[in-house]
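A short write-up of the structure that comes next.
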Amino acid sequence: MKHMENISSLLQGSSPGEYQRLDPKLEREAIAAPGEQPWEMIMDKKHFKLWRRPIEGTHLYQYRVFGSYTDVTPRQFFNVQLDTEYRKKWDSLVIKLDVIERDLATGSEVIHWVTHFPYPMYSRDYVYVRRYSVDKENNLMVLVSRAVEHPSVPEDPEYVRVRTYESQMVIRPHKTFDENGFDYLLTYSDNPQTVFPRYCVSWMVSSGMPDFLEKLHTAALKAKKMEIEVRDYMSAKPIESGSSEGKASMAAAEHKSDGTCSPAQLEYA
């Protein structure tokens with residue numbers, strides 16, 4: 001989080017939400033924390049910058065986005081990102097997005113997400129656990145996700161299961177959680193399980209996340225202007241961990257399998 005502050009001060013331009021260009025070598029060193037591999041910038045937009053670096057021992061990349069918005073509040077951006085029901089309305093790529101299980105003691109949730117992939121590829125499905133934290137003392141919001149397995153969601157031969165997925169986002173308000181303006185740092189990686197060449201996969205992943213962030217930003221603006229009711233995750237308080245209600249299964253009928261699904265075959269695009 002401290003490193004994020006250093007990045008922000010180094011890249012900040014003359015106007016809020018705008019960033020200056022640095023010498024490429026200096027920028028690679030700046031974006032990498034001490035002891036990290038250097039990052040390669042692959043996208044430089046008005047509201048965000050996107051870097052990548054290879055993941056050792058694989059054909060995959062890890063990506064990092066640093067951006068800023070000045071027209072929505074951190075709370076709105078945070079809540080819209082977490083609200084699965086609202087996302088079904090603003091994200092046209094979503095086929096299915098359900099909370100499978102929720103741990104009321106910690107707020108951790110297991111999510112089943114099915115999403116369209118560009119033609120001619122099959123749709124992908126993800127089963128992941130997410131957890132968030134609001135640090136009021138340090139004025140930060142954190143959201144982390146990673147792929148898991150869950151007995152309520154066996155593989156469906158209609159989709160390709162993505163088993164490698166990680167995402168970490170830190171949001172830092174410019175002032176408060178309820179005033180417009182914040183910076184965010186997103187680090188993510190996934191393996192979409194495709195037989196296409198590495199450069200094709202890199203293009204899909206690197207272009208898909210910025211597109212999602214812009215849609216997320218637009219959805220937050222729309223919710224703000226139209227006063228769309230979005231669940232306030234900052235105000236949701238978990239119950240005590242010792243309670244017998246510490247865990248609640250959210251599995252509904254549509255989550256249950258009608259039969260045993262065999263693992264998806266590897267002959268997919």
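A note on labels: chains of the structure tokens are A, B, ... as shown, every chain counts residues from 1, and ligands are counted from 1 in their shown order.
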
Using only C-alpha atoms, which residues sit within 9 Å of Trp90 of chain A once same-chain residues fewer than 3 positions away are excluded, as a CSV table (one decimal) with N, CA, C and O atoms, in the first residue's frame?
chain,number,residue,atom,x,y,z
A,86,TYR,N,-26.4,-6.3,-9.3
A,86,TYR,CA,-26.3,-5.1,-10.2
A,86,TYR,C,-25.4,-5.4,-11.4
A,86,TYR,O,-25.6,-4.9,-12.5
A,87,ARG,N,-24.3,-6.2,-11.2
A,87,ARG,CA,-23.4,-6.5,-12.3
A,87,ARG,C,-24.1,-7.2,-13.4
A,87,ARG,O,-23.8,-7.1,-14.6
A,94,VAL,N,-21.7,-11.3,-18.8
A,94,VAL,CA,-22.1,-12.2,-17.7
A,94,VAL,C,-23.2,-13.2,-18.2
A,94,VAL,O,-24.2,-12.7,-18.7
A,215,LYS,N,-16.4,-0.1,-17.9
A,215,LYS,CA,-17.8,-0.4,-17.7
A,215,LYS,C,-18.2,-0.3,-16.2
A,215,LYS,O,-19.3,0.2,-15.9
A,216,LEU,N,-17.2,-0.7,-15.4
A,216,LEU,CA,-17.5,-0.6,-13.9
A,216,LEU,C,-17.6,0.9,-13.5
A,216,LEU,O,-18.5,1.2,-12.8
A,218,THR,N,-18.5,3.4,-15.5
A,218,THR,CA,-19.8,3.9,-16.1
A,218,THR,C,-21.0,3.4,-15.2
A,218,THR,O,-21.9,4.2,-15.0
A,219,ALA,N,-20.9,2.2,-14.7
A,219,ALA,CA,-22.0,1.6,-13.9
A,219,ALA,C,-22.1,2.4,-12.6
A,219,ALA,O,-23.2,2.6,-12.1

Which one of A:His47, A:Arg52, A:Gln76, A:Thr58 sits closest to Lys222 of chain A if you count only C-alpha atoms?
A:Gln76

Ranking A:Lys136, A:Arg146, A:Lys88, A:Lys225 by minimum distance to Thr176 of chain A and counting only C-alpha atoms, which one comes first?
A:Lys136
